[in-house]
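Structure below is upload-v4.cif: mmCIF, C-alpha atoms.
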data_final
#
loop_
_atom_site.label_atom_id
_atom_site.label_comp_id
_atom_site.auth_asym_id
_atom_site.auth_seq_id
_atom_site.Cartn_x
_atom_site.Cartn_y
_atom_site.Cartn_z
CA MET A 1 18.26 11.40 24.99
CA SER A 2 17.91 8.88 22.15
CA ALA A 3 19.93 5.71 22.04
CA PRO A 4 23.12 5.80 19.95
CA TYR A 5 23.09 4.31 16.46
CA PRO A 6 23.35 0.56 17.14
CA TYR A 7 25.51 -0.35 14.14
CA ALA A 8 28.49 1.84 14.89
CA GLY A 9 30.23 -0.03 17.68
CA ARG A 10 32.07 -2.89 15.95
CA ASP A 11 33.88 -3.84 12.75
CA LEU A 12 30.93 -4.96 10.62
CA PHE A 13 33.19 -6.72 8.12
CA ALA A 14 34.61 -8.87 10.92
CA GLU A 15 31.23 -9.34 12.66
CA PRO A 16 28.51 -8.92 10.02
CA GLU A 17 25.05 -7.67 10.94
CA SER A 18 21.98 -9.45 9.61
CA TYR A 19 19.56 -6.52 10.20
CA VAL A 20 16.74 -9.07 10.60
CA TYR A 21 13.87 -7.83 12.81
CA ALA A 22 15.81 -4.60 13.39
CA GLU A 23 14.40 -2.38 16.13
CA CYS A 24 14.23 1.02 14.52
CA ALA A 25 10.83 2.57 15.23
CA ASP A 26 12.12 4.96 17.89
CA PRO A 27 11.60 8.57 16.73
CA GLY A 28 15.26 9.33 17.50
CA PHE A 29 16.64 6.50 15.35
CA LEU A 30 17.18 8.58 12.21
CA ASP A 31 18.91 11.38 14.13
CA ALA A 32 21.16 8.79 15.77
CA TRP A 33 22.10 7.50 12.31
CA ARG A 34 22.80 11.04 11.06
CA GLU A 35 24.97 11.81 14.09
CA SER A 36 26.93 8.62 13.61
CA ARG A 37 27.54 9.36 9.94
CA GLU A 38 28.48 12.97 10.63
CA ALA A 39 31.04 11.82 13.17
CA ALA A 40 32.45 9.42 10.58
CA ARG A 41 32.54 12.17 7.94
CA ARG A 42 34.53 14.43 10.29
CA ARG A 43 37.03 11.63 10.94
CA LEU A 44 37.42 11.00 7.23
CA ALA A 45 37.73 14.71 6.43
CA GLY A 46 40.75 14.83 8.69
CA ARG A 47 42.36 12.13 6.57
CA ALA A 48 41.10 13.16 3.12
CA GLY A 49 43.16 14.87 0.48
CA GLY A 50 45.35 14.23 -2.51
CA ALA A 51 44.51 12.60 -5.82
CA PRO A 52 41.50 10.32 -6.35
CA PRO A 53 42.20 6.62 -5.82
CA GLU A 54 44.06 5.00 -8.72
CA ALA A 55 42.12 2.62 -10.92
CA GLY A 56 42.55 -1.10 -10.40
CA ALA A 57 45.67 -2.51 -12.02
CA SER A 58 44.29 -5.67 -13.64
CA ASP A 59 41.45 -6.22 -16.09
CA GLY A 60 40.02 -8.85 -13.76
CA GLY A 61 40.09 -6.55 -10.81
CA LEU A 62 36.90 -5.51 -9.12
CA ALA A 63 38.19 -1.95 -8.75
CA ALA A 64 38.62 -1.64 -12.52
CA THR A 65 35.12 -3.07 -13.06
CA LEU A 66 33.66 -0.53 -10.69
CA ASP A 67 35.61 2.29 -12.35
CA ARG A 68 34.00 1.29 -15.66
CA CYS A 69 30.57 1.37 -13.99
CA LEU A 70 31.26 4.84 -12.62
CA ASP A 71 32.33 6.01 -16.08
CA ALA A 72 29.16 4.55 -17.58
CA LEU A 73 27.02 6.30 -14.98
CA ASP A 74 28.80 9.57 -15.71
CA ARG A 75 27.81 9.54 -19.38
CA ASP A 76 24.96 11.61 -20.73
CA PRO A 77 22.66 9.73 -20.76
CA PRO A 78 24.00 7.20 -18.27
CA ALA A 79 24.26 3.59 -19.42
CA LEU A 80 21.90 2.38 -16.71
CA ALA A 81 20.94 -1.02 -18.07
CA SER A 82 24.52 -2.20 -18.47
CA VAL A 83 25.53 -0.81 -15.07
CA VAL A 84 22.62 -2.55 -13.34
CA ALA A 85 23.53 -5.81 -15.07
CA THR A 86 27.16 -5.44 -13.98
CA LEU A 87 26.55 -4.27 -10.43
CA ASP A 88 23.63 -6.47 -9.42
CA PRO A 89 25.70 -9.65 -8.93
CA TYR A 90 28.03 -7.73 -6.61
CA VAL A 91 25.06 -6.33 -4.71
CA VAL A 92 23.81 -9.88 -4.21
CA LYS A 93 27.26 -11.12 -3.16
CA PHE A 94 27.62 -8.30 -0.66
CA GLU A 95 24.09 -8.71 0.69
CA VAL A 96 24.53 -12.46 1.16
CA HIS A 97 28.16 -12.63 2.31
CA ARG A 98 28.80 -9.09 3.58
CA ARG A 99 32.12 -9.02 1.78
CA LEU A 100 33.55 -8.96 -1.70
CA PHE A 101 36.82 -10.19 -3.19
CA ALA A 102 39.29 -8.13 -5.15
CA ALA A 103 38.88 -10.09 -8.40
CA TYR A 104 36.28 -12.29 -10.06
CA GLY A 105 36.28 -14.40 -13.18
CA THR A 106 33.85 -14.17 -16.08
CA ASP A 107 31.80 -16.88 -14.37
CA GLY A 108 31.23 -14.53 -11.43
CA ARG A 109 33.31 -16.65 -9.08
CA ARG A 110 36.24 -15.37 -7.05
CA LEU A 111 39.49 -15.71 -8.96
CA ALA A 112 41.80 -18.25 -7.32
CA GLY A 113 44.06 -16.45 -4.91
CA ALA A 114 42.14 -13.19 -5.02
CA PRO A 115 42.25 -11.49 -1.63
CA VAL A 116 39.28 -10.09 0.20
CA ALA A 117 38.35 -6.65 -1.13
CA GLY A 118 39.76 -3.64 0.67
CA PRO A 119 39.30 0.11 0.76
CA ALA A 120 40.12 0.56 -2.94
CA GLU A 121 37.25 -1.70 -3.99
CA TYR A 122 34.76 -0.73 -1.31
CA VAL A 123 34.93 3.05 -1.74
CA ARG A 124 34.32 2.53 -5.47
CA PHE A 125 31.43 0.18 -4.71
CA ALA A 126 29.94 2.82 -2.41
CA ALA A 127 30.30 5.48 -5.11
CA ALA A 128 28.70 3.19 -7.69
CA LEU A 129 25.78 2.29 -5.41
CA ALA A 130 25.19 5.95 -4.63
CA ALA A 131 25.29 6.90 -8.29
CA LEU A 132 22.94 4.07 -9.22
CA ALA A 133 20.48 4.97 -6.46
CA GLU A 134 20.57 8.61 -7.58
CA ALA A 135 20.05 7.73 -11.23
CA THR A 136 17.28 5.16 -10.78
CA GLY A 137 15.50 6.08 -7.56
CA SER A 138 15.71 2.40 -6.67
CA LEU A 139 15.68 1.38 -3.02
CA LYS A 140 17.72 -1.75 -3.68
CA PRO A 141 21.12 -0.08 -4.21
CA LEU A 142 20.34 2.41 -1.44
CA SER A 143 19.71 -0.36 1.10
CA ALA A 144 22.98 -2.01 0.06
CA LEU A 145 24.78 1.34 0.26
CA LEU A 146 23.51 1.93 3.80
CA LYS A 147 24.83 -1.48 4.89
CA LEU A 148 28.16 -0.92 3.15
CA MET A 149 28.54 2.50 4.74
CA ASP A 150 27.66 1.05 8.15
CA ALA A 151 30.63 -1.29 7.69
CA LEU A 152 33.07 1.17 6.13
CA THR A 153 32.51 3.79 8.81
CA THR A 154 33.48 1.25 11.46
CA TRP A 155 36.99 1.21 10.02
CA PRO A 156 39.48 3.81 11.34
CA PRO A 157 40.28 6.53 8.80
CA GLU A 158 43.91 5.38 8.66
CA ARG A 159 42.80 2.30 6.69
CA PHE A 160 42.01 4.57 3.76
CA SER A 161 44.42 6.48 1.60
CA PRO A 162 43.76 10.24 1.55
CA GLY A 163 42.08 9.87 -1.83
CA GLU A 164 39.93 6.99 -0.64
CA ALA A 165 38.96 8.91 2.49
CA ALA A 166 37.84 11.80 0.32
CA TRP A 167 35.69 9.48 -1.81
CA LEU A 168 34.17 7.93 1.28
CA ALA A 169 33.41 11.30 2.86
CA ASP A 170 31.68 12.26 -0.38
CA ALA A 171 29.67 9.03 -0.25
CA VAL A 172 28.48 9.96 3.25
CA GLY A 173 27.06 13.17 1.85
CA ARG A 174 25.40 11.46 -1.09
CA GLU A 175 23.93 8.79 1.16
CA ARG A 176 22.54 11.48 3.45
CA ALA A 177 20.90 13.26 0.50
CA LEU A 178 19.35 10.03 -0.76
CA VAL A 179 17.88 9.25 2.66
CA ALA A 180 16.61 12.83 2.96
CA GLY A 181 14.75 12.37 -0.31
CA TRP A 182 13.04 9.24 0.97
CA GLU A 183 12.33 10.93 4.29
CA ALA A 184 10.49 13.69 2.43
CA HIS A 185 8.60 11.03 0.50
CA ALA A 186 7.64 9.25 3.72
CA ASP A 187 6.41 12.46 5.29
CA ASP A 188 4.39 13.41 2.21
CA ALA A 189 2.13 10.41 2.84
CA ARG A 190 -0.78 11.11 0.56
CA MET B 191 -10.89 -30.52 5.16
CA LEU B 192 -8.76 -30.17 2.04
CA ASP B 193 -7.72 -33.75 1.33
CA ASP B 194 -4.96 -32.98 -1.15
CA LEU B 195 -3.23 -30.47 1.13
CA ALA B 196 -0.48 -30.99 3.71
CA PHE B 197 0.94 -28.16 5.79
CA VAL B 198 4.67 -28.13 6.55
CA ALA B 199 5.08 -25.66 9.38
CA ALA B 200 8.14 -24.28 11.13
CA PRO B 201 7.61 -22.73 14.56
CA THR B 202 7.10 -19.15 13.36
CA PHE B 203 4.52 -16.40 13.66
CA ARG B 204 3.61 -16.97 10.03
CA SER B 205 2.76 -20.63 10.65
CA ARG B 206 0.61 -19.59 13.58
CA ALA B 207 -1.26 -17.04 11.47
CA TYR B 208 -1.83 -19.60 8.73
CA ALA B 209 -3.12 -22.21 11.18
CA GLN B 210 -5.53 -19.83 12.89
CA ALA B 211 -6.87 -18.33 9.66
CA MET B 212 -7.42 -21.77 8.13
CA ALA B 213 -9.11 -23.06 11.28
CA ALA B 214 -11.36 -19.99 11.55
CA ARG B 215 -12.59 -20.40 7.97
CA GLY B 216 -12.88 -24.17 7.92
CA LEU B 217 -10.11 -24.54 5.32
CA VAL B 218 -8.07 -27.11 7.19
CA PRO B 219 -5.32 -29.20 5.58
CA ALA B 220 -5.52 -32.96 5.84
CA ARG B 221 -2.08 -33.24 7.42
CA LEU B 222 0.26 -31.13 9.52
CA LEU B 223 4.01 -31.79 9.45
CA VAL B 224 5.86 -29.77 12.06
CA LEU B 225 9.50 -28.77 11.62
CA PRO B 226 11.14 -29.06 15.03
CA GLY B 227 12.44 -25.95 16.74
CA ASP B 228 11.86 -23.44 19.52
CA GLU B 229 8.59 -21.56 19.40
CA PRO B 230 9.18 -17.79 19.38
CA ALA B 231 7.96 -15.75 22.33
CA TRP B 232 5.32 -13.05 21.87
CA PRO B 233 5.49 -10.16 24.36
CA GLY B 234 2.46 -8.24 23.08
CA ASP B 235 -1.28 -8.36 23.50
CA ALA B 236 -2.97 -11.77 23.54
CA GLU B 237 -4.92 -10.96 20.38
CA VAL B 238 -4.28 -8.69 17.42
CA VAL B 239 -7.36 -7.52 15.52
CA CYS B 240 -7.19 -5.83 12.10
CA ASP B 241 -9.56 -4.96 9.30
CA LEU B 242 -7.17 -6.12 6.60
CA ARG B 243 -9.44 -5.56 3.61
CA GLY B 244 -11.19 -2.45 4.83
CA ASP B 245 -14.52 -4.23 4.60
CA GLY B 246 -15.45 -4.02 8.26
CA ARG B 247 -14.72 -7.71 8.85
CA PRO B 248 -11.95 -8.10 11.42
CA SER B 249 -9.15 -10.61 11.16
CA ARG B 250 -7.99 -11.97 14.51
CA PHE B 251 -4.60 -13.38 15.40
CA ARG B 252 -3.31 -14.81 18.68
CA PRO B 253 0.44 -14.56 18.09
CA ALA B 254 1.41 -16.67 21.11
CA GLU B 255 -0.54 -19.78 20.02
CA PRO B 256 1.56 -22.44 18.23
CA ALA B 257 0.23 -23.82 14.95
CA ALA B 258 0.10 -27.38 16.28
CA ALA B 259 -2.06 -26.26 19.19
CA THR B 260 -4.51 -24.59 16.79
CA LEU B 261 -4.78 -27.49 14.38
CA SER B 262 -4.60 -30.36 16.83
CA GLY B 263 -7.89 -32.19 16.63
CA LEU B 264 -8.78 -30.54 13.33
CA VAL B 265 -6.30 -32.13 10.93
CA GLY B 266 -6.42 -35.83 10.08
CA GLU B 267 -2.77 -36.37 10.99
CA CYS B 268 -0.12 -34.38 12.82
CA VAL B 269 3.53 -35.47 12.88
CA THR B 270 6.82 -33.88 13.86
CA LEU B 271 9.44 -34.18 11.14
CA PRO B 272 12.74 -35.85 12.11
CA SER B 273 14.82 -32.74 11.49
CA ALA B 274 14.59 -29.02 10.88
CA ASP B 275 17.20 -29.51 8.15
CA LEU B 276 15.30 -29.67 4.89
CA ASP B 277 18.17 -31.63 3.33
CA ASP B 278 17.66 -34.46 5.85
CA PRO B 279 16.57 -37.63 4.01
CA GLY B 280 13.93 -38.24 6.66
CA VAL B 281 12.22 -34.98 5.75
CA ALA B 282 12.23 -35.89 2.07
CA SER B 283 10.82 -39.36 2.88
CA ALA B 284 8.00 -37.92 4.94
CA ILE B 285 7.02 -35.45 2.24
CA ALA B 286 7.35 -37.97 -0.58
CA ALA B 287 5.00 -40.32 1.31
CA LEU B 288 2.19 -37.74 1.51
CA PRO B 289 -0.88 -38.97 -0.38
CA GLY B 290 -1.82 -35.51 -1.62
CA ASP B 291 0.15 -33.55 -4.19
CA VAL B 292 0.12 -30.07 -2.63
CA VAL B 293 2.25 -28.93 0.29
CA LEU B 294 1.59 -25.58 1.95
CA TYR B 295 5.05 -24.50 3.04
CA SER B 296 5.76 -22.15 5.94
CA GLY B 297 9.42 -22.61 6.80
CA PHE B 298 12.09 -20.80 8.73
CA GLY B 299 12.82 -17.32 7.42
CA GLY B 300 15.58 -17.15 4.84
CA VAL B 301 15.70 -20.93 4.31
CA LEU B 302 14.93 -22.00 0.76
CA VAL B 303 13.27 -25.28 -0.12
CA PRO B 304 16.14 -27.36 -1.52
CA PRO B 305 16.12 -29.18 -4.87
CA CYS B 306 15.81 -32.55 -3.10
CA LEU B 307 12.32 -31.55 -1.96
CA LEU B 308 11.29 -29.59 -5.04
CA GLY B 309 12.02 -32.71 -7.09
CA LEU B 310 9.65 -35.01 -5.17
CA GLY B 311 6.73 -34.48 -7.52
CA LYS B 312 4.75 -32.34 -5.05
CA ARG B 313 3.68 -28.77 -5.63
CA PHE B 314 4.81 -26.42 -2.85
CA LEU B 315 2.46 -23.51 -2.22
CA HIS B 316 4.13 -20.48 -0.69
CA VAL B 317 2.67 -17.12 0.21
CA HIS B 318 5.34 -14.48 -0.28
CA GLY B 319 5.16 -11.31 1.80
CA GLY B 320 5.30 -8.84 -1.04
CA LEU B 321 3.49 -7.92 -4.24
CA ALA B 322 5.52 -10.05 -6.63
CA PRO B 323 7.02 -9.74 -9.19
CA ALA B 324 7.87 -6.09 -8.44
CA TYR B 325 8.65 -6.91 -4.82
CA ARG B 326 10.34 -10.30 -4.52
CA GLY B 327 12.84 -11.36 -1.87
CA SER B 328 13.26 -10.56 1.81
CA THR B 329 11.26 -7.94 3.74
CA ALA B 330 9.76 -6.99 0.38
CA PHE B 331 6.67 -5.45 1.98
CA TYR B 332 8.76 -2.78 3.72
CA TYR B 333 10.07 -1.61 0.36
CA SER B 334 6.54 -1.34 -1.03
CA LEU B 335 5.37 0.37 2.16
CA LEU B 336 8.01 3.04 1.75
CA ARG B 337 7.59 3.52 -1.97
CA ASP B 338 3.86 2.93 -2.45
CA GLY B 339 2.31 3.04 1.02
CA ALA B 340 0.97 -0.51 0.68
CA MET B 341 1.89 -4.03 1.71
CA GLY B 342 1.26 -7.03 -0.46
CA ALA B 343 1.24 -10.78 -0.67
CA ALA B 344 1.56 -13.23 -3.54
CA ALA B 345 0.64 -16.91 -3.42
CA LEU B 346 2.82 -18.88 -5.79
CA TRP B 347 4.18 -22.32 -6.61
CA LEU B 348 7.72 -22.66 -5.35
CA GLU B 349 10.55 -23.12 -7.80
CA ALA B 350 14.31 -22.92 -7.35
CA LYS B 351 14.44 -19.22 -8.17
CA ILE B 352 13.25 -17.07 -5.26
CA ASP B 353 9.61 -15.95 -5.51
CA ALA B 354 9.61 -16.49 -9.28
CA GLY B 355 7.20 -19.40 -9.64
CA PRO B 356 3.72 -19.14 -11.20
CA ILE B 357 1.53 -16.75 -9.22
CA VAL B 358 -1.80 -18.13 -8.10
CA ALA B 359 -3.11 -14.96 -6.48
CA ARG B 360 -1.80 -11.64 -5.27
CA ARG B 361 -3.22 -8.68 -3.44
CA ALA B 362 -2.19 -5.31 -2.05
CA TYR B 363 -3.19 -4.36 1.48
CA ALA B 364 -3.24 -1.13 3.41
CA PRO B 365 -0.89 -1.64 6.36
CA PRO B 366 -2.71 -2.37 9.61
CA ALA B 367 -2.15 0.51 11.99
CA GLY B 368 -0.42 0.10 15.32
CA VAL B 369 0.57 -3.51 14.67
CA ASP B 370 3.96 -5.23 14.85
CA LEU B 371 4.32 -5.73 11.10
CA ASP B 372 7.14 -8.30 11.31
CA ARG B 373 5.47 -10.64 13.78
CA ALA B 374 1.76 -9.98 13.24
CA GLY B 375 0.90 -7.70 10.32
CA ASP B 376 2.82 -9.51 7.59
CA PRO B 377 1.77 -12.99 8.81
CA MET B 378 -1.87 -11.90 8.94
CA VAL B 379 -1.72 -10.46 5.43
CA ARG B 380 -0.20 -13.67 4.06
CA ALA B 381 -2.75 -15.79 5.95
CA ASP B 382 -5.61 -13.71 4.52
CA LEU B 383 -4.45 -14.28 0.96
CA LEU B 384 -3.79 -17.95 1.70
CA CYS B 385 -7.40 -18.42 2.77
CA GLU B 386 -8.59 -16.72 -0.41
CA VAL B 387 -6.58 -19.28 -2.40
CA LEU B 388 -7.82 -22.21 -0.30
CA ALA B 389 -11.44 -21.08 -0.57
CA ASP B 390 -11.07 -20.94 -4.34
CA ARG B 391 -9.58 -24.43 -4.25
CA ARG B 392 -12.51 -25.71 -2.19
CA ASP B 393 -15.03 -24.18 -4.59
CA ALA B 394 -13.23 -25.18 -7.81
CA GLY B 395 -12.13 -28.62 -6.68
CA ARG B 396 -8.52 -28.06 -7.68
CA PHE B 397 -5.67 -25.61 -7.31
CA PRO B 398 -4.94 -23.39 -10.33
CA GLU B 399 -1.71 -23.63 -12.30
CA GLY B 400 -0.90 -19.99 -11.74
CA GLU B 401 0.55 -17.41 -14.10
CA ARG B 402 4.17 -16.50 -14.68
CA MET B 403 4.84 -12.83 -14.12
CA ASP B 404 8.34 -11.49 -14.67
CA ASP B 405 7.83 -7.97 -16.03
CA GLY B 406 9.31 -5.43 -13.66
CA ALA B 407 10.66 -8.14 -11.37
CA GLU B 408 13.00 -7.04 -8.60
CA THR B 409 14.43 -9.16 -5.80
CA TYR B 410 15.20 -7.38 -2.55
CA HIS B 411 17.33 -8.22 0.47
CA VAL B 412 16.67 -7.53 4.15
CA ILE B 413 15.83 -3.83 4.31
CA HIS B 414 18.28 -1.55 6.06
CA PRO B 415 16.83 -0.22 9.34
CA VAL B 416 17.02 3.42 8.18
CA LEU B 417 14.68 2.61 5.29
CA LYS B 418 12.53 0.39 7.53
CA HIS B 419 12.24 3.34 9.94
CA LEU B 420 11.02 5.53 7.09
CA ALA B 421 8.54 2.88 5.95
CA LEU B 422 7.11 2.70 9.46
CA ARG B 423 7.03 6.48 9.65
CA ARG B 424 5.09 6.68 6.39
CA THR B 425 2.69 4.01 7.62
CA ALA B 426 2.06 5.85 10.89
CA LYS B 427 1.56 9.14 9.07
CA ARG B 428 -1.02 7.68 6.68
CA ALA B 429 -2.83 6.06 9.59
CA THR B 430 -2.96 9.42 11.38
CA MET B 431 -4.27 11.14 8.27
CA ALA B 432 -6.93 8.45 7.82
CA THR B 433 -8.02 8.87 11.41
CA CYS B 434 -8.28 12.63 11.03
CA ALA B 435 -10.19 12.26 7.79
CA GLY B 436 -12.68 9.95 9.46
CA SER B 437 -13.19 12.01 12.60
#

Could you write out this file's structure as structure tokens?
Amino acid sequence: MSAPYPYAGRDLFAEPESYVYAECADPGFLDAWRESREAARRRLAGRAGGAPPEAGASDGGLAATLDRCLDALDRDPPALASVVATLDPYVVKFEVHRRLFAAYGTDGRRLAGAPVAGPAEYVRFAAALAALAEATGSLKPLSALLKLMDALTTWPPERFSPGEAAWLADAVGRERALVAGWEAHADDAR
Amino acid sequence: MLDDLAFVAAPTFRSRAYAQAMAARGLVPARLLVLPGDEPAWPGDAEVVCDLRGDGRPSRFRPAEPAAATLSGLVGECVTLPSADLDDPGVASAIAALPGDVVLYSGFGGVLVPPCLLGLGKRFLHVHGGLAPAYRGSTAFYYSLLRDGAMGAAALWLEAKIDAGPIVARRAYAPPAGVDLDRAGDPMVRADLLCEVLADRRDAGRFPEGERMDDGAETYHVIHPVLKHLALRRTAKRATMATCAGS
């Protein structure tokens, strides 16, 4: 029996994981990840329902910024360049600090008094990273998405509103599809 | 001996690979400055052997051998720096006092050379483990392994922006099969390119200025283990296919 997925046992926002020199060559590692995510999806599905999460209230709010990114990605054709330019600083912040804040100024710094980001911001960030990875085929947002989802799925479902839980459960499915695409690419090693 | 070159080495597998490759090819720096710290343990085979360039000439690496042990007796001077903290004034003093103008830098992973050292008037030569500019940042070679099936290295002059300085040389490599890529494969690849650069320096009498390359630049962060797993899987699959093709 393969070892369980090693990043599922603790709150990864409270105790961030560096992922440096990660041991992941075991053939059962990917299945362990899938099992962990499926268990999280089932937990979230039990909580999910209701209307989608409401947009952020203030113009300076990260949630509102991410909603605008999601709208831009939903256009035909998607406004990829502007979304990448908007999202990349948040990807860097999350990769370096493993957390975001709920509001930033035009200089990219946290607004004074802004609290640490919560479910409203993070589920939107996950949706935006998934959409960007789908649209561009880039591994950079996918790697960030995987780390964000590692952290979000360590939170109990009760931390999310029913709408947020639904968004997060959807993100689990999109993440799984993205990884499956790269798995097929890895196995087609010509 | 390369008189204008000093080697600043943290206790890492990369420093060990650099030291051994330079010693094996007679491309030894004039001075070795060791950053203090614990030497990492190596649990694997005493020697790792790879044909990095596919030319039938093996590269050899003894991952357990510290850089200072390799270069002791070969370099003109070997000192231990007063601190592992690159912001320490004693480190800056020691580097500023170097007679040569080029410093080969092999520091602790994830630690950038601070402005107080970059501003000393020396050129810092760094070999990045990825085919810059498309693959800058951390664990970049895993991203190229997954996407393209190849590793890479880029020798460049350090500037404040990560892996964005002028590129002196760069090369793609087929991943060595059956090798710990983090602790042996990537260090060996970087050491191989380093020796190419140093050999050119020996033959030309000077280091080149390098070329700025920013088109298609992307800076990556530590790869998530799921993607690293797939990169390793792709590498193993290609190695298996190559073996079958050759049998």

Compile a residue-level contact table for chain B against chain A at a cut-off of 7 Å, reporting for every qualifying residue the shortest atom pair and its distance in Å to one decimal, with all atoms listed in the file counted, rows ordered by chain and ascending number, as CSV.
residue,atom,partner,partner_atom,distance
B:Leu336,CA,A:Ala186,CA,6.5
B:Asp372,CA,A:Tyr21,CA,6.9
B:Tyr410,CA,A:Lys140,CA,6.3
B:His411,CA,A:Glu95,CA,6.8
B:Val412,CA,A:Val20,CA,6.6
B:Ile413,CA,A:Ser143,CA,6.1
B:His414,CA,A:Ser143,CA,5.3
B:Pro415,CA,A:Cys24,CA,5.9
B:Val416,CA,A:Leu30,CA,6.5
B:His419,CA,A:Cys24,CA,5.5
B:Leu420,CA,A:Ala186,CA,6.1
B:Ala421,CA,A:Ala186,CA,6.8
B:Leu422,CA,A:Ala25,CA,6.9
B:Arg423,CA,A:Ala186,CA,6.6
B:Arg424,CA,A:Ala186,CA,4.5
B:Lys427,CA,A:Ala189,CA,6.4
B:Arg428,CA,A:Ala189,CA,5.7

What's the separation between CA of Cys268 (chain B) and CA of Val292 (chain B), in Å to one decimal place? 16.0 Å

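Our summary of the geometry notes that CA of Leu371 (chain B) is positioned 21.0 Å from CA of Asp228 (chain B).
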
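This file, queried with the PyMOL selection byres ((chain B and resi 321) around 6), gives the residues Gly320, Ala322, Tyr325, Gly342, Ala343 and Ala344 of chain B.
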
I need the output of the PyMOL selection byres ((chain A and resi 114-125) around 9) for this file as a compact mmCIF listing (two decimals) with C-alpha atoms, keeping the file's coordinate frame; which residues are they?
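Written output follows (result.txt):
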# COMPACT_ATOMS: atom_id res chain seq x y z
CA PRO A 53 42.20 6.62 -5.82
CA GLU A 54 44.06 5.00 -8.72
CA ALA A 55 42.12 2.62 -10.92
CA GLY A 56 42.55 -1.10 -10.40
CA GLY A 61 40.09 -6.55 -10.81
CA LEU A 62 36.90 -5.51 -9.12
CA ALA A 63 38.19 -1.95 -8.75
CA ALA A 64 38.62 -1.64 -12.52
CA LEU A 66 33.66 -0.53 -10.69
CA ASP A 67 35.61 2.29 -12.35
CA LEU A 70 31.26 4.84 -12.62
CA LEU A 87 26.55 -4.27 -10.43
CA TYR A 90 28.03 -7.73 -6.61
CA ARG A 99 32.12 -9.02 1.78
CA LEU A 100 33.55 -8.96 -1.70
CA PHE A 101 36.82 -10.19 -3.19
CA ALA A 102 39.29 -8.13 -5.15
CA ALA A 103 38.88 -10.09 -8.40
CA TYR A 104 36.28 -12.29 -10.06
CA ARG A 110 36.24 -15.37 -7.05
CA LEU A 111 39.49 -15.71 -8.96
CA ALA A 112 41.80 -18.25 -7.32
CA GLY A 113 44.06 -16.45 -4.91
CA ALA A 126 29.94 2.82 -2.41
CA ALA A 127 30.30 5.48 -5.11
CA ALA A 128 28.70 3.19 -7.69
CA LEU A 129 25.78 2.29 -5.41
CA ALA A 130 25.19 5.95 -4.63
CA LEU A 145 24.78 1.34 0.26
CA LEU A 148 28.16 -0.92 3.15
CA LEU A 152 33.07 1.17 6.13
CA ARG A 159 42.80 2.30 6.69
CA PHE A 160 42.01 4.57 3.76
CA SER A 161 44.42 6.48 1.60
CA GLU A 164 39.93 6.99 -0.64
CA ALA A 165 38.96 8.91 2.49
CA TRP A 167 35.69 9.48 -1.81
CA LEU A 168 34.17 7.93 1.28
CA ALA A 171 29.67 9.03 -0.25

Hits from the PyMOL selection byres ((chain B and resi 273-282) around 9), listed as a PyMOL selection string: chain B and resi 200+224-227+270-272+283-287+298+301-307+310

Determine, counting all atoms listed in the file, which protein, DNA and RNA residues have an atom within 10 Å of an atom of His318 (chain B); residues of the same chain fewer than 3 positions away are not included. Present the result as a PDB file with C-alpha atoms, in the frame of the given file.
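Output saved as result28.pdb:
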ATOM      1  CA  SER B 296       5.760 -22.150   5.940  1.00  0.00           C
ATOM      2  CA  LEU B 315       2.460 -23.510  -2.220  1.00  0.00           C
ATOM      3  CA  LEU B 321       3.490  -7.920  -4.240  1.00  0.00           C
ATOM      4  CA  ALA B 322       5.520 -10.050  -6.630  1.00  0.00           C
ATOM      5  CA  TYR B 325       8.650  -6.910  -4.820  1.00  0.00           C
ATOM      6  CA  ARG B 326      10.340 -10.300  -4.520  1.00  0.00           C
ATOM      7  CA  GLY B 327      12.840 -11.360  -1.870  1.00  0.00           C
ATOM      8  CA  SER B 328      13.260 -10.560   1.810  1.00  0.00           C
ATOM      9  CA  THR B 329      11.260  -7.940   3.740  1.00  0.00           C
ATOM     10  CA  ALA B 330       9.760  -6.990   0.380  1.00  0.00           C
ATOM     11  CA  PHE B 331       6.670  -5.450   1.980  1.00  0.00           C
ATOM     12  CA  GLY B 342       1.260  -7.030  -0.460  1.00  0.00           C
ATOM     13  CA  ALA B 343       1.240 -10.780  -0.670  1.00  0.00           C
ATOM     14  CA  ALA B 344       1.560 -13.230  -3.540  1.00  0.00           C
ATOM     15  CA  ALA B 345       0.640 -16.910  -3.420  1.00  0.00           C
ATOM     16  CA  LEU B 346       2.820 -18.880  -5.790  1.00  0.00           C
ATOM     17  CA  LEU B 348       7.720 -22.660  -5.350  1.00  0.00           C
ATOM     18  CA  ILE B 352      13.250 -17.070  -5.260  1.00  0.00           C
ATOM     19  CA  ASP B 353       9.610 -15.950  -5.510  1.00  0.00           C
ATOM     20  CA  ILE B 357       1.530 -16.750  -9.220  1.00  0.00           C
ATOM     21  CA  ARG B 360      -1.800 -11.640  -5.270  1.00  0.00           C
ATOM     22  CA  ASP B 376       2.820  -9.510   7.590  1.00  0.00           C
ATOM     23  CA  PRO B 377       1.770 -12.990   8.810  1.00  0.00           C
ATOM     24  CA  VAL B 379      -1.720 -10.460   5.430  1.00  0.00           C
ATOM     25  CA  ARG B 380      -0.200 -13.670   4.060  1.00  0.00           C
ATOM     26  CA  LEU B 383      -4.450 -14.280   0.960  1.00  0.00           C
ATOM     27  CA  LEU B 384      -3.790 -17.950   1.700  1.00  0.00           C
TER      28      LEU B 384
END
